[in-house]
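Structure data follow from my_file06.csv (CSV, C-alpha atoms):
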```
chain,number,residue,atom,x,y,z
V,1,ARG,CA,-75.3,123.3,49.6
V,2,SER,CA,-74.6,121.9,46.2
V,3,ALA,CA,-75.9,123.4,42.9
V,4,ALA,CA,-75.4,120.1,41.2
V,5,ALA,CA,-79.2,119.9,41.6
V,6,ILE,CA,-79.7,122.6,39.1
V,7,ALA,CA,-78.3,120.3,36.4
V,8,GLN,CA,-79.4,117.0,37.8
V,9,ALA,CA,-83.0,118.2,38.2
V,10,VAL,CA,-83.3,119.2,34.6
V,11,ARG,CA,-84.0,116.5,32.0
V,12,SER,CA,-85.1,117.0,28.4
V,13,ARG,CA,-88.2,115.2,27.4
V,14,ARG,CA,-87.6,115.7,23.6
V,15,PRO,CA,-84.6,116.2,21.3
V,16,ARG,CA,-83.4,119.7,21.0
V,17,ARG,CA,-81.5,121.4,18.2
V,18,PRO,CA,-77.7,121.7,18.6
V,19,LEU,CA,-76.5,124.7,20.6
V,20,GLY,CA,-73.0,125.0,19.2
V,21,ILE,CA,-70.8,123.3,21.9
V,22,GLY,CA,-73.0,120.4,22.9
V,23,PRO,CA,-74.7,119.8,26.3
V,24,ALA,CA,-73.9,122.4,28.9
V,25,PRO,CA,-71.7,121.1,31.8
V,26,PRO,CA,-73.4,120.8,35.2
V,27,PRO,CA,-72.3,123.5,37.6
V,28,VAL,CA,-71.5,122.7,41.2
V,29,ARG,CA,-71.4,125.4,43.8
V,30,ASP,CA,-68.8,125.7,46.6
V,31,PRO,CA,-68.2,128.6,48.9
V,32,VAL,CA,-64.9,129.7,47.4
V,33,ARG,CA,-63.7,133.1,48.3
V,34,MET,CA,-60.3,134.8,47.5
V,35,THR,CA,-58.1,135.8,50.4
V,36,GLN,CA,-55.0,138.0,50.0
V,37,ALA,CA,-54.8,137.4,46.3
V,38,PRO,CA,-52.8,139.8,44.0
V,39,SER,CA,-54.9,142.3,42.1
V,40,VAL,CA,-53.0,141.7,38.9
V,41,ILE,CA,-52.0,138.3,37.3
V,42,GLY,CA,-48.9,138.9,35.2
V,43,ARG,CA,-49.5,135.8,33.0
V,44,LEU,CA,-52.7,134.0,32.6
V,45,SER,CA,-53.4,131.3,30.0
V,46,ILE,CA,-56.8,131.7,28.5
V,47,PHE,CA,-59.3,129.2,27.1
V,48,PRO,CA,-61.8,130.9,24.7
V,49,LEU,CA,-64.9,128.8,24.5
V,50,PRO,CA,-68.3,130.0,23.3
V,51,GLY,CA,-71.2,129.5,25.7
V,52,ALA,CA,-69.1,128.2,28.6
V,53,LEU,CA,-69.4,130.4,31.7
V,54,LEU,CA,-67.6,130.1,35.0
V,55,PHE,CA,-68.5,132.1,38.1
V,56,PRO,CA,-66.6,132.4,41.4
V,57,GLY,CA,-67.5,129.6,43.7
V,58,MET,CA,-68.8,127.4,40.9
V,59,HIS,CA,-67.3,124.3,39.2
V,60,LEU,CA,-67.1,123.7,35.4
V,61,PRO,CA,-66.2,120.2,34.0
V,62,LEU,CA,-64.4,120.4,30.6
V,63,PRO,CA,-63.1,117.8,28.2
V,64,ILE,CA,-59.7,118.9,26.7
V,65,PHE,CA,-58.9,117.4,23.4
V,66,ALA,CA,-57.4,120.1,21.1
V,67,PRO,CA,-53.5,119.9,21.1
V,68,ARG,CA,-53.0,123.5,22.0
V,69,TYR,CA,-55.3,123.3,25.0
V,70,ARG,CA,-53.8,120.0,26.1
V,71,ALA,CA,-50.5,121.9,26.2
V,72,MET,CA,-52.2,124.7,28.2
V,73,ILE,CA,-53.4,122.2,30.8
V,74,SER,CA,-49.9,120.6,31.1
V,75,GLU,CA,-48.3,124.1,31.5
V,76,SER,CA,-50.9,125.2,34.0
V,77,MET,CA,-50.5,122.1,36.1
V,78,ALA,CA,-46.7,122.7,36.3
V,79,ARG,CA,-47.2,126.4,37.2
V,80,ASP,CA,-50.2,127.5,39.2
V,81,ARG,CA,-53.1,125.4,38.1
V,82,ARG,CA,-55.0,128.5,36.9
V,83,ILE,CA,-56.5,129.3,33.5
V,84,GLY,CA,-58.8,132.0,32.4
V,85,MET,CA,-62.2,131.0,30.9
V,86,PHE,CA,-63.3,133.4,28.2
V,87,GLN,CA,-65.9,133.9,25.5
V,88,PRO,CA,-64.7,134.8,22.1
V,89,LEU,CA,-66.2,137.6,20.0
V,90,ASN,CA,-67.6,136.8,16.5
V,91,LYS,CA,-64.9,139.0,14.9
V,92,PRO,CA,-61.1,138.8,14.7
V,93,ALA,CA,-58.8,140.5,17.2
V,94,THR,CA,-57.3,143.8,16.2
V,95,GLY,CA,-54.3,143.1,13.9
V,96,GLY,CA,-54.8,139.4,13.7
V,97,ASP,CA,-56.9,136.5,12.5
V,98,ARG,CA,-57.6,135.0,15.9
V,99,PRO,CA,-61.0,135.6,17.5
V,100,GLY,CA,-61.4,138.8,19.5
V,101,LEU,CA,-62.2,138.5,23.2
V,102,TYR,CA,-64.6,140.1,25.6
V,103,ASP,CA,-63.0,142.2,28.3
V,104,ILE,CA,-64.2,140.1,31.2
V,105,GLY,CA,-63.6,136.4,32.0
V,106,CYS,CA,-63.3,134.2,35.1
V,107,VAL,CA,-60.1,132.7,36.6
V,108,GLY,CA,-60.5,129.0,37.2
V,109,LYS,CA,-58.3,126.8,39.3
V,110,ILE,CA,-57.9,123.2,38.2
V,111,ALA,CA,-59.5,121.4,41.0
V,112,GLU,CA,-59.6,117.9,39.4
V,113,VAL,CA,-57.7,116.5,36.4
V,114,GLU,CA,-57.9,113.1,34.7
V,115,ALA,CA,-55.1,112.4,32.1
V,116,LEU,CA,-56.4,109.9,29.5
V,117,ASP,CA,-54.2,107.4,27.6
V,118,ASP,CA,-54.6,109.3,24.3
V,119,GLY,CA,-53.3,112.6,25.7
V,120,ARG,CA,-56.7,114.2,26.3
V,121,TYR,CA,-57.7,115.5,29.7
V,122,ASN,CA,-60.9,115.7,31.7
V,123,VAL,CA,-60.7,118.7,34.1
V,124,VAL,CA,-62.9,120.4,36.6
V,125,LEU,CA,-62.4,124.1,37.1
V,126,GLU,CA,-63.2,125.9,40.3
V,127,GLY,CA,-64.1,129.5,39.8
V,128,VAL,CA,-61.9,131.9,41.7
V,129,ALA,CA,-62.6,135.5,40.6
V,130,LEU,CA,-63.7,137.5,37.6
V,131,PHE,CA,-61.0,139.4,35.8
V,132,ARG,CA,-60.5,142.1,33.2
V,133,VAL,CA,-57.9,141.8,30.4
V,134,LEU,CA,-55.2,144.5,30.6
V,135,ARG,CA,-53.4,143.3,27.5
V,136,GLU,CA,-52.7,140.2,25.5
V,137,LEU,CA,-49.1,139.0,25.7
V,138,ASP,CA,-46.9,138.2,22.8
V,139,VAL,CA,-46.0,134.6,23.4
V,140,THR,CA,-44.7,131.6,21.6
V,141,THR,CA,-47.0,129.1,23.2
V,142,PRO,CA,-49.8,127.6,21.0
V,143,PHE,CA,-52.4,129.0,23.5
V,144,ARG,CA,-53.0,132.6,24.2
V,145,GLN,CA,-52.0,134.4,27.4
V,146,VAL,CA,-53.0,137.8,28.9
V,147,GLU,CA,-52.1,140.1,31.7
V,148,ALA,CA,-55.3,140.4,33.8
V,149,GLU,CA,-56.7,142.5,36.7
V,150,LEU,CA,-58.8,140.6,39.2
V,151,LEU,CA,-62.1,142.1,40.0
V,152,PRO,CA,-63.6,142.3,43.5
V,153,ILE,CA,-66.2,139.7,44.4
V,154,ASP,CA,-69.7,141.1,45.0
V,155,GLY,CA,-70.6,140.6,48.6
V,156,ASP,CA,-74.4,140.6,48.1
V,157,ASP,CA,-75.4,137.1,47.4
V,158,ALA,CA,-79.1,137.3,48.3
V,159,LEU,CA,-82.2,138.1,46.2
V,160,SER,CA,-85.2,139.9,47.3
V,161,LEU,CA,-88.2,137.6,48.0
V,162,GLY,CA,-90.0,139.1,45.0
V,163,ARG,CA,-87.1,138.5,42.6
V,164,ARG,CA,-86.6,134.9,43.8
V,165,SER,CA,-90.3,134.2,43.3
V,166,SER,CA,-90.3,135.8,39.8
V,167,LEU,CA,-87.2,133.9,38.8
V,168,GLU,CA,-88.6,130.5,39.9
V,169,LEU,CA,-91.9,131.3,38.1
V,170,GLU,CA,-90.3,132.3,34.8
V,171,SER,CA,-87.9,129.3,35.1
V,172,ARG,CA,-91.0,127.0,35.3
V,173,ARG,CA,-92.5,128.6,32.2
V,174,PHE,CA,-89.2,128.4,30.3
V,175,ALA,CA,-88.7,124.7,31.3
V,176,ASP,CA,-92.2,123.8,30.1
V,177,ARG,CA,-91.6,125.6,26.7
V,178,GLN,CA,-88.2,123.9,26.3
V,179,GLY,CA,-89.4,120.4,27.2
V,180,TYR,CA,-87.4,120.0,30.4
V,181,ALA,CA,-88.4,117.9,33.3
V,182,VAL,CA,-87.3,119.6,36.5
V,183,ASP,CA,-87.2,118.6,40.1
V,184,TRP,CA,-88.6,121.8,41.5
V,185,GLU,CA,-88.3,120.6,45.1
V,186,ALA,CA,-84.5,120.2,44.6
V,187,VAL,CA,-84.3,123.6,42.9
V,188,GLY,CA,-86.2,125.3,45.7
V,189,ARG,CA,-83.5,124.1,48.2
V,190,LEU,CA,-80.7,126.0,46.4
V,191,ASP,CA,-79.5,129.2,47.9
V,192,ASP,CA,-79.9,132.3,45.7
V,193,GLU,CA,-76.4,132.5,44.4
V,194,SER,CA,-76.3,128.9,43.4
V,195,LEU,CA,-79.7,129.2,41.7
V,196,VAL,CA,-78.9,132.3,39.7
V,197,ASN,CA,-75.3,131.4,38.7
V,198,GLY,CA,-76.3,127.8,38.0
V,199,ILE,CA,-79.0,128.9,35.6
V,200,ALA,CA,-76.6,131.3,33.9
V,201,GLN,CA,-74.1,128.4,33.3
V,202,ILE,CA,-76.5,125.9,31.9
V,203,ALA,CA,-79.1,128.0,30.1
V,204,PRO,CA,-79.1,127.6,26.3
V,205,PHE,CA,-78.6,131.3,25.6
V,206,ASP,CA,-76.2,132.7,22.9
V,207,THR,CA,-72.7,134.0,23.6
V,208,ALA,CA,-73.7,137.7,23.9
V,209,ALA,CA,-76.5,136.9,26.4
V,210,LYS,CA,-74.1,134.7,28.4
V,211,GLN,CA,-71.5,137.4,28.5
V,212,ALA,CA,-74.1,139.9,29.8
V,213,LEU,CA,-74.9,137.5,32.6
V,214,LEU,CA,-71.3,137.2,33.5
V,215,GLU,CA,-70.8,141.0,33.6
V,216,ALA,CA,-73.9,141.8,35.6
V,217,PRO,CA,-72.8,143.9,38.6
V,218,ASP,CA,-74.7,141.9,41.2
V,219,ILE,CA,-76.9,138.9,41.7
V,220,GLU,CA,-80.2,140.9,41.7
V,221,THR,CA,-79.3,142.3,38.2
V,222,ARG,CA,-78.2,138.9,36.9
V,223,ALA,CA,-81.5,137.3,38.1
V,224,GLU,CA,-83.6,140.1,36.4
V,225,LEU,CA,-81.6,139.6,33.2
V,226,ILE,CA,-82.1,135.8,33.3
V,227,ILE,CA,-85.9,136.4,33.5
V,228,GLN,CA,-85.8,138.8,30.5
V,229,LEU,CA,-83.7,136.3,28.5
V,230,MET,CA,-86.0,133.4,29.3
V,231,GLN,CA,-89.0,135.5,28.1
V,232,PHE,CA,-87.1,136.5,24.9
V,233,PHE,CA,-85.7,133.1,24.0
V,234,GLY,CA,-89.0,131.4,24.9
V,235,ARG,CA,-90.9,133.5,22.4
V,236,HIS,CA,-88.4,132.6,19.7
V,237,ASP,CA,-88.2,128.9,20.4
V,238,GLY,CA,-87.9,126.8,17.2
V,239,GLU,CA,-86.1,129.4,15.1
V,240,ASP,CA,-82.8,128.3,13.5
V,241,LYS,CA,-80.9,131.0,15.2
V,242,VAL,CA,-81.8,133.5,17.9
V,243,THR,CA,-79.2,135.9,19.2
V,244,LEU,CA,-78.8,139.2,21.0
V,245,GLN,CA,-75.8,140.2,18.9
```

Encoded form using structure tokens:
Amino acid sequence: RSAAAIAQAVRSRRPRRPLGIGPAPPPVRDPVRMTQAPSVIGRLSIFPLPGALLFPGMHLPLPIFAPRYRAMISESMARDRRIGMFQPLNKPATGGDRPGLYDIGCVGKIAEVEALDDGRYNVVLEGVALFRVLRELDVTTPFRQVEAELLPIDGDDALSLGRRSSLELESRRFADRQGYAVDWEAVGRLDDESLVNGIAQIAPFDTAAKQALLEAPDIETRAELIIQLMQFFGRHDGEDKVTLQ
């Protein structure tokens, strides 16, 4: 049951305007669940990246080229292979000039890593659990670190038949408006959780919209929000900037 199809099945038929961080990475779904994990992580390195979502049980490929984040990957590999994926706010953090952070992110474990000759990395993160920031730590490392509380994983991973049908229908309409070619037969074989979280990861929504998807309390709510966002963004297609912020 791989959600790679959600990315592999979608192909653009025409050039699109830049979305800020380039093409969205393809998500890959695996049945990852936490067992006997601590509820608090005392020190978690974080990677603030607009538009990049990670969900528990999904994979997120990332190229790492900035020196501070190359250092973060090296440190993480030597410690516990975990980093926190975060979306930055469009305003500085209190008492500093660094970007503020949303409260909720996702812990990712480095599942694959490729060290390149020039010092860069290609990594694949495997989503472990959502977390809430308790406090940002005062550190000397070039990358930021926080103390984080792990959040429980929602056990309901199934949509109602009506919601699944509505999501697939609106996805078809959105794909047509955006100029995507989609293998709907492959998409139809995805389980509900892979479909919903896969769309949330690759959809060209703004940072606030992506964060709302991440923080949705359950898969049913997330699916309904995706439908609303597709309708909203579809009506504003072609504008220079459309946001929910």

Distance query stretch 74-88 of chain V at most 6 Å, all atoms listed in the file, self and fewer than 5 positions along chain excluded, as an mmCIF file with C-alpha atoms, in the coordinates of the input:
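Dumped everything to result13.cif:
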```
data_model
loop_
_atom_site.group_PDB
_atom_site.id
_atom_site.type_symbol
_atom_site.label_atom_id
_atom_site.label_comp_id
_atom_site.auth_asym_id
_atom_site.auth_seq_id
_atom_site.Cartn_x
_atom_site.Cartn_y
_atom_site.Cartn_z
ATOM 1 C CA SER V 45 -53.400 131.300 30.000
ATOM 2 C CA ILE V 46 -56.800 131.700 28.500
ATOM 3 C CA PHE V 47 -59.300 129.200 27.100
ATOM 4 C CA PRO V 48 -61.800 130.900 24.700
ATOM 5 C CA LEU V 49 -64.900 128.800 24.500
ATOM 6 C CA PRO V 50 -68.300 130.000 23.300
ATOM 7 C CA PRO V 99 -61.000 135.600 17.500
ATOM 8 C CA GLY V 100 -61.400 138.800 19.500
ATOM 9 C CA LEU V 101 -62.200 138.500 23.200
ATOM 10 C CA GLY V 105 -63.600 136.400 32.000
ATOM 11 C CA CYS V 106 -63.300 134.200 35.100
ATOM 12 C CA VAL V 107 -60.100 132.700 36.600
ATOM 13 C CA GLY V 108 -60.500 129.000 37.200
ATOM 14 C CA LYS V 109 -58.300 126.800 39.300
ATOM 15 C CA ILE V 110 -57.900 123.200 38.200
#
```

Identify, on the basis of all atoms listed in the file, every residue whose closest approach to V:Asp206 does not exceed 7 Å; exclude the query and any residue fewer than 2 positions from it along the same chain; express the result as a PDB file with C-alpha atoms, in the frame of the given file.
```pdb
ATOM      1  CA  GLY V  51     -71.200 129.500  25.700  1.00  0.00           C
ATOM      2  CA  PRO V 204     -79.100 127.600  26.300  1.00  0.00           C
ATOM      3  CA  ALA V 208     -73.700 137.700  23.900  1.00  0.00           C
ATOM      4  CA  ALA V 209     -76.500 136.900  26.400  1.00  0.00           C
ATOM      5  CA  LYS V 210     -74.100 134.700  28.400  1.00  0.00           C
ATOM      6  CA  THR V 243     -79.200 135.900  19.200  1.00  0.00           C
TER       7      THR V 243
END
```

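Rounded to one decimal, atom CA of V:Pro217 and atom CA of V:Ile202 lie 19.6 Å from each other.
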
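Put simply, atom CA of V:Leu54 is 11.4 Å away from atom CA of V:Glu215.
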
Skipping near chain neighbours, those fewer than 5 positions away, what residues fall within 9 Å of V:Ala203 using all atoms listed in the file, listed as a short mmCIF file (atom, residue, chain, number, x, y, z; two decimals) with C-alpha atoms, in the frame of the given file?
```
data_model
loop_
_atom_site.label_atom_id
_atom_site.label_comp_id
_atom_site.auth_asym_id
_atom_site.auth_seq_id
_atom_site.Cartn_x
_atom_site.Cartn_y
_atom_site.Cartn_z
CA ALA V 24 -73.90 122.40 28.90
CA GLY V 198 -76.30 127.80 38.00
CA LYS V 210 -74.10 134.70 28.40
CA ILE V 226 -82.10 135.80 33.30
CA MET V 230 -86.00 133.40 29.30
#
```

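If all atoms listed in the file are the atoms counted, then among V:Leu213, V:Ile219, V:Leu190, V:Ala71 the closest residue to V:Arg163 is V:Ile219.
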
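Between atom CA of V:Leu151 and atom CA of V:Arg68 lies a distance of 27.4 Å.
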
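Considering all atoms listed in the file, the residue among V:Leu125, V:Val146, V:Val133, V:Arg172 positioned nearest to V:Ala52 is V:Leu125.
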
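Distances here use all atoms listed in the file; by that measure, the residue among V:Ile104, V:Asp154, V:Ile64, V:Thr207 closest to V:Leu134 is V:Ile104.
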
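The smallest atom-to-atom distance between V:Ala148 and any of V:Asp103, V:Asp218, V:Glu114, V:Glu168, using all atoms listed in the file, is found for V:Asp103.
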
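For the residues V:Ile199, V:Leu60, V:Ala223, V:Leu53, ranking by smallest atom-to-atom distance to V:Gly162 using all atoms listed in the file places V:Ala223 first.
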
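Distances from V:Gly179, V:Ala186, V:Thr141, V:Thr221 to V:Ser160 were compared using all atoms listed in the file, and the smallest one belongs to V:Thr221.
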